[in-house]
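Q: Provided herewith: data.pdb, PDB, C-alpha atoms.
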ATOM      1  CA  MET A 222     118.644 112.535  96.236
ATOM      2  CA  ILE A 223     116.928 109.265  95.318
ATOM      3  CA  SER A 224     114.032 108.405  97.629
ATOM      4  CA  ASP A 225     113.607 104.887  98.962
ATOM      5  CA  ASN A 226     110.136 105.750 100.272
ATOM      6  CA  MET A 227     108.344 106.048  96.930
ATOM      7  CA  TRP A 228     105.425 103.900  98.088
ATOM      8  CA  ARG A 229     104.963 105.490 101.541
ATOM      9  CA  GLY A 230     102.939 108.494 102.531
ATOM     10  CA  ALA A 231     102.037 110.082 105.856
ATOM     11  CA  THR A 232      99.353 107.507 106.748
ATOM     12  CA  VAL A 233      99.432 104.737 104.132
ATOM     13  CA  ARG A 234     101.714 102.736 101.884
ATOM     14  CA  LEU A 235     101.034 101.138  98.530
ATOM     15  CA  THR A 236     101.809  97.490  97.800
ATOM     16  CA  ALA A 237     101.004  94.947  95.146
ATOM     17  CA  ILE A 238      97.532  93.433  95.364
ATOM     18  CA  ALA A 239      97.928  89.869  96.652
ATOM     19  CA  LYS A 240      95.782  86.730  96.487
ATOM     20  CA  GLU A 241      95.171  87.205 100.200
ATOM     21  CA  ASP A 242      93.396  90.490  99.411
ATOM     22  CA  LEU A 243      90.726  88.858  97.267
ATOM     23  CA  PRO A 244      88.322  87.935 100.118
ATOM     24  CA  ALA A 245      88.220  91.567 101.294
ATOM     25  CA  MET A 246      87.804  92.804  97.733
ATOM     26  CA  ALA A 247      84.985  90.321  97.141
ATOM     27  CA  ARG A 248      83.231  91.733 100.246
ATOM     28  CA  TRP A 249      83.461  95.206  98.733
ATOM     29  CA  TYR A 250      81.806  93.878  95.589
ATOM     30  CA  GLN A 251      78.757  92.885  97.622
ATOM     31  CA  ASP A 252      78.104  96.560  98.514
ATOM     32  CA  ALA A 253      76.010  98.046  95.692
ATOM     33  CA  GLY A 254      76.254 101.550  97.159
ATOM     34  CA  LEU A 255      80.023 101.387  97.039
ATOM     35  CA  LEU A 256      80.066 100.028  93.495
ATOM     36  CA  ARG A 257      77.795 102.858  92.362
ATOM     37  CA  LEU A 258      80.419 105.348  93.508
ATOM     38  CA  TRP A 259      83.234 103.534  91.716
ATOM     39  CA  ASN A 260      82.018 102.994  88.177
ATOM     40  CA  ALA A 261      79.186 103.328  85.704
ATOM     41  CA  ASP A 262      78.674  99.601  85.170
ATOM     42  CA  ALA A 263      75.558  98.049  86.605
ATOM     43  CA  ALA A 264      76.401  97.156  90.204
ATOM     44  CA  ARG A 265      76.663  93.400  90.591
ATOM     45  CA  PRO A 266      78.306  91.140  93.148
ATOM     46  CA  GLN A 267      81.566  89.502  92.095
ATOM     47  CA  THR A 268      83.282  86.436  93.470
ATOM     48  CA  GLU A 269      86.890  86.002  94.485
ATOM     49  CA  ALA A 270      87.416  83.903  91.347
ATOM     50  CA  GLU A 271      86.059  86.667  89.090
ATOM     51  CA  LEU A 272      88.253  89.253  90.777
ATOM     52  CA  ALA A 273      91.304  86.970  90.529
ATOM     53  CA  LYS A 274      90.734  86.552  86.793
ATOM     54  CA  TRP A 275      90.299  90.309  86.335
ATOM     55  CA  LEU A 276      93.476  91.031  88.306
ATOM     56  CA  GLU A 277      95.445  88.465  86.306
ATOM     57  CA  GLU A 278      94.339  90.059  83.028
ATOM     58  CA  GLU A 279      95.010  93.601  84.227
ATOM     59  CA  ALA A 280      98.516  92.658  85.404
ATOM     60  CA  LYS A 281      99.444  91.830  81.804
ATOM     61  CA  LYS A 282      98.766  95.350  80.560
ATOM     62  CA  PRO A 283     101.896  97.445  79.974
ATOM     63  CA  ASN A 284      99.995 100.685  80.551
ATOM     64  CA  ALA A 285      98.406  99.979  83.937
ATOM     65  CA  PHE A 286      99.501  99.891  87.569
ATOM     66  CA  TYR A 287      97.296  98.559  90.382
ATOM     67  CA  PHE A 288      98.092  98.943  94.071
ATOM     68  CA  ALA A 289      96.665  97.916  97.416
ATOM     69  CA  ILE A 290      96.328 100.697  99.977
ATOM     70  CA  ARG A 291      97.535  99.617 103.432
ATOM     71  CA  PRO A 292      98.285 101.388 106.711
ATOM     72  CA  LEU A 293     101.942 102.165 107.377
ATOM     73  CA  GLU A 294     102.061  99.224 109.782
ATOM     74  CA  GLY A 295     100.246  95.947 109.176
ATOM     75  CA  GLU A 296      98.677  94.260 106.181
ATOM     76  CA  THR A 297      95.053  95.447 106.471
ATOM     77  CA  LEU A 298      93.632  96.181 103.032
ATOM     78  CA  LEU A 299      92.109  99.668 103.165
ATOM     79  CA  GLY A 300      91.396 100.080  99.472
ATOM     80  CA  ALA A 301      92.877 100.065  95.999
ATOM     81  CA  ILE A 302      94.234 102.649  93.607
ATOM     82  CA  GLU A 303      95.057 102.384  89.943
ATOM     83  CA  LEU A 304      96.910 104.367  87.341
ATOM     84  CA  ASP A 305      95.851 102.938  84.011
ATOM     85  CA  GLY A 306      94.929 103.671  80.423
ATOM     86  CA  ILE A 307      98.336 105.298  80.058
ATOM     87  CA  LEU A 308      99.021 106.708  76.623
ATOM     88  CA  TRP A 309     102.816 106.695  76.716
ATOM     89  CA  ASN A 310     103.186 108.747  73.533
ATOM     90  CA  HIS A 311     101.095 111.541  75.062
ATOM     91  CA  GLN A 312     102.282 111.081  78.681
ATOM     92  CA  VAL A 313      98.689 110.867  79.913
ATOM     93  CA  GLY A 314      97.130 108.435  82.373
ATOM     94  CA  TRP A 315      93.885 107.817  84.246
ATOM     95  CA  VAL A 316      93.669 107.446  88.025
ATOM     96  CA  ALA A 317      90.985 105.890  90.231
ATOM     97  CA  VAL A 318      90.929 105.295  93.973
ATOM     98  CA  GLY A 319      88.509 103.538  96.293
ATOM     99  CA  LEU A 320      88.421 102.681  99.970
ATOM    100  CA  GLY A 321      86.412  99.512 100.400
ATOM    101  CA  ASP A 322      85.409  99.667 104.049
ATOM    102  CA  ARG A 323      83.375 102.728 105.009
ATOM    103  CA  ALA A 324      84.988 102.661 108.462
ATOM    104  CA  HIS A 325      88.169 103.909 106.758
ATOM    105  CA  TRP A 326      86.516 106.892 105.078
ATOM    106  CA  GLY A 327      87.276 110.417 106.290
ATOM    107  CA  LYS A 328      90.697 109.562 107.741
ATOM    108  CA  GLY A 329      92.840 110.939 104.926
ATOM    109  CA  TYR A 330      93.814 107.539 103.511
ATOM    110  CA  GLY A 331      92.436 108.255 100.045
ATOM    111  CA  ARG A 332      94.164 111.629  99.897
ATOM    112  CA  ASP A 333      97.475 110.125 100.999
ATOM    113  CA  ALA A 334      97.196 107.289  98.462
ATOM    114  CA  MET A 335      96.416 109.784  95.695
ATOM    115  CA  GLN A 336      99.444 111.882  96.642
ATOM    116  CA  ILE A 337     101.676 108.801  96.426
ATOM    117  CA  VAL A 338     100.294 107.787  93.024
ATOM    118  CA  LEU A 339     100.573 111.320  91.656
ATOM    119  CA  ARG A 340     104.209 111.464  92.761
ATOM    120  CA  PHE A 341     104.757 108.099  91.022
ATOM    121  CA  ALA A 342     102.964 109.297  87.872
ATOM    122  CA  PHE A 343     104.824 112.575  87.525
ATOM    123  CA  GLN A 344     108.259 111.739  88.911
ATOM    124  CA  GLU A 345     108.762 108.052  88.117
ATOM    125  CA  LEU A 346     106.675 107.575  84.965
ATOM    126  CA  ASN A 347     107.300 111.093  83.667
ATOM    127  CA  LEU A 348     103.633 111.672  82.839
ATOM    128  CA  HIS A 349     102.510 115.141  81.838
ATOM    129  CA  ARG A 350      98.841 114.762  82.756
ATOM    130  CA  VAL A 351      96.710 112.614  85.043
ATOM    131  CA  GLN A 352      92.945 112.598  84.616
ATOM    132  CA  LEU A 353      89.864 110.995  86.086
ATOM    133  CA  THR A 354      86.109 110.925  85.880
ATOM    134  CA  VAL A 355      83.751 111.249  88.825
ATOM    135  CA  PHE A 356      79.973 111.239  89.199
ATOM    136  CA  ALA A 357      78.292 114.484  90.263
ATOM    137  CA  TYR A 358      76.698 112.750  93.262
ATOM    138  CA  ASN A 359      80.055 111.607  94.690
ATOM    139  CA  GLU A 360      80.600 114.760  96.730
ATOM    140  CA  ARG A 361      83.370 113.329  98.926
ATOM    141  CA  ALA A 362      85.441 112.417  95.869
ATOM    142  CA  LEU A 363      84.802 115.784  94.207
ATOM    143  CA  ALA A 364      86.093 117.600  97.284
ATOM    144  CA  LEU A 365      89.173 115.358  97.469
ATOM    145  CA  TYR A 366      90.126 115.812  93.820
ATOM    146  CA  GLU A 367      89.734 119.579  93.991
ATOM    147  CA  ARG A 368      91.857 119.734  97.183
ATOM    148  CA  LEU A 369      94.549 117.813  95.299
ATOM    149  CA  GLY A 370      94.544 120.459  92.560
ATOM    150  CA  PHE A 371      92.555 118.681  89.857
ATOM    151  CA  GLN A 372      90.630 121.034  87.571
ATOM    152  CA  ARG A 373      87.135 120.286  86.315
ATOM    153  CA  GLU A 374      87.569 120.310  82.556
ATOM    154  CA  GLY A 375      84.382 118.883  81.186
ATOM    155  CA  VAL A 376      80.923 117.560  81.853
ATOM    156  CA  TYR A 377      79.331 114.451  80.420
ATOM    157  CA  ARG A 378      75.776 115.711  80.828
ATOM    158  CA  GLU A 379      73.205 113.253  82.200
ATOM    159  CA  PHE A 380      75.725 110.459  81.641
ATOM    160  CA  ILE A 381      74.566 108.042  84.290
ATOM    161  CA  GLN A 382      71.152 106.824  85.379
ATOM    162  CA  ARG A 383      70.634 105.681  88.938
ATOM    163  CA  ASP A 384      67.259 104.879  90.466
ATOM    164  CA  GLY A 385      65.317 106.719  87.769
ATOM    165  CA  ALA A 386      67.358 109.929  87.919
ATOM    166  CA  ARG A 387      70.087 111.175  85.586
ATOM    167  CA  TYR A 388      73.430 112.508  86.822
ATOM    168  CA  ASP A 389      76.359 114.241  85.196
ATOM    169  CA  MET A 390      79.858 112.799  85.142
ATOM    170  CA  TYR A 391      82.802 115.196  85.319
ATOM    171  CA  LEU A 392      86.215 115.015  83.707
ATOM    172  CA  TYR A 393      89.039 116.300  85.907
ATOM    173  CA  GLY A 394      92.677 116.784  84.958
ATOM    174  CA  LEU A 395      95.926 117.660  86.688
ATOM    175  CA  LEU A 396      99.034 118.755  84.793
ATOM    176  CA  ARG A 397     102.522 118.089  86.058
ATOM    177  CA  ARG A 398     103.303 121.807  86.484
ATOM    178  CA  GLU A 399     100.133 122.269  88.566
ATOM    179  CA  TRP A 400     101.079 119.304  90.736
ATOM    180  CA  GLU A 401     104.637 120.612  91.157
ATOM    181  CA  ALA A 402     103.352 124.050  92.192
ATOM    182  CA  GLN A 403     101.059 122.499  94.794
ATOM    183  CA  ALA A 404     103.460 119.787  96.002
ATOM    184  CA  GLY A 405     106.204 122.355  96.564
TER     185      GLY A 405
END
If you took the structure in this file and wrote it as structure tokens, what would it be?

A:
Amino acid sequence: MISDNMWRGATVRLTAIAKEDLPAMARWYQDAGLLRLWNADAARPQTEAELAKWLEEEAKKPNAFYFAIRPLEGETLLGAIELDGILWNHQVGWVAVGLGDRAHWGKGYGRDAMQIVLRFAFQELNLHRVQLTVFAYNERALALYERLGFQREGVYREFIQRDGARYDMYLYGLLRREWEAQAG
């Protein structure tokens, strides 16, 4: 049977990112600690205008999908999740998720959003593999990805430098058959 609830999970739903979300996103980009969990770039504040330009450019890519994470009821922006870098000929894509307000951490929103995006990736886009990278110091994310069935497949040794120390970055992957076995 065809599902009409593709974008809904147990606690969150995914929507398009809207102009109205930019102020909240710009606030997230003032939090260096948060940015250092999300990517390897040097953490730097970004304005609403910079984020709007980035979003406009990303929306043009045929191999990328960006979503806002919202509660089942209401329009509060909890975070964002992306499935991008898709290599259609190989059926492989990259996933990244982030909750912008620390008050929303630990409530299962990230897990629920990941489950929705994985369902979309494997059932709607017919991907064979979804992968991600994560820094060794991001213990919350590591635990989440492993609970979702991702396998650690590689280590980029001493990849990132933060505050004078070097940290590894891990490559994780999840194959469709592994997801199907876990999802039931």

Q: Would you pick out the contacts of A:Lys282 at 9 Å or less, using only C-alpha atoms, so that residues sharing its chain but fewer than 4 positions from it are not included, and give the list as a PDB file with C-alpha atoms, keeping the file's coordinate frame?

A:
ATOM      1  CA  GLU A 278      94.339  90.059  83.028  1.00  0.00           C
ATOM      2  CA  PHE A 286      99.501  99.891  87.569  1.00  0.00           C
ATOM      3  CA  ASP A 305      95.851 102.938  84.011  1.00  0.00           C
TER       4      ASP A 305
END

Q: Name the residues that the PyMOL selection byres ((chain A and resi 335) around 9) picks from the file above, as a PyMOL selection string, using the file's chain letters and numbers.

A: chain A and resi 302+316-318+330-334+336-340+366+369

Q: Just the selected residues (C-alpha atoms), exported as a PDB file, in the coordinates of the input, please.

A:
ATOM      1  CA  ILE A 302      94.234 102.649  93.607  1.00  0.00           C
ATOM      2  CA  VAL A 316      93.669 107.446  88.025  1.00  0.00           C
ATOM      3  CA  ALA A 317      90.985 105.890  90.231  1.00  0.00           C
ATOM      4  CA  VAL A 318      90.929 105.295  93.973  1.00  0.00           C
ATOM      5  CA  TYR A 330      93.814 107.539 103.511  1.00  0.00           C
ATOM      6  CA  GLY A 331      92.436 108.255 100.045  1.00  0.00           C
ATOM      7  CA  ARG A 332      94.164 111.629  99.897  1.00  0.00           C
ATOM      8  CA  ASP A 333      97.475 110.125 100.999  1.00  0.00           C
ATOM      9  CA  ALA A 334      97.196 107.289  98.462  1.00  0.00           C
ATOM     10  CA  GLN A 336      99.444 111.882  96.642  1.00  0.00           C
ATOM     11  CA  ILE A 337     101.676 108.801  96.426  1.00  0.00           C
ATOM     12  CA  VAL A 338     100.294 107.787  93.024  1.00  0.00           C
ATOM     13  CA  LEU A 339     100.573 111.320  91.656  1.00  0.00           C
ATOM     14  CA  ARG A 340     104.209 111.464  92.761  1.00  0.00           C
ATOM     15  CA  TYR A 366      90.126 115.812  93.820  1.00  0.00           C
ATOM     16  CA  LEU A 369      94.549 117.813  95.299  1.00  0.00           C
TER      17      LEU A 369
END

Q: Once the PyMOL selection byres ((chain A and resi 263) around 12) has been evaluated on this model, what residues remain selected, and can you format them as a list in words?

A: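 Taken over the shown coordinates, the PyMOL selection byres ((chain A and resi 263) around 12) returns Tyr250, Ala253, Gly254, Leu255, Leu256, Arg257, Leu258, Trp259, Asn260, Ala261, Asp262, Ala264, Arg265, Pro266, Gln267, Ile381, Gln382, Arg383 and Asp384 of chain A.
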
Q: Taking 5 positions as the minimum chain separation for residues in the same chain, which residues sit within 8 Å of stretch 351-363 of chain A when counting only C-alpha atoms? Answer as a list in words.

A: Leu258, Val313, Gly314, Trp315, Val316, Ala317, Leu339, Ala342, Ile381, Tyr388, Asp389, Met390, Tyr391, Leu392, Tyr393, Gly394, Leu395 and Leu396 of chain A

Q: Taking all atoms listed in the file into account, which of A:Arg397, A:Leu293, A:Leu320, A:Arg248 comes nearest A:Gly230?

A: A:Leu293

Q: Quote the spacing between atom CA of A:Ala273 and atom CA of A:Leu304 in Å to one decimal place.

A: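 Answer for the atom CA of A:Ala273 to atom CA of A:Leu304 separation: 18.6 Å.
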
Q: Within 10 Å of A:Trp309, counting only C-alpha atoms, which residues qualify if same-chain residues fewer than 4 places away don't, as a VMD selection string?

A: chain A and resid 283 to 284 313 to 314 346 to 349

Q: How many Å separate atom CA of A:Gly319 from atom CA of A:Ala289?

A: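 Separating atom CA of A:Gly319 from atom CA of A:Ala289 is a distance of 10.0 Å.
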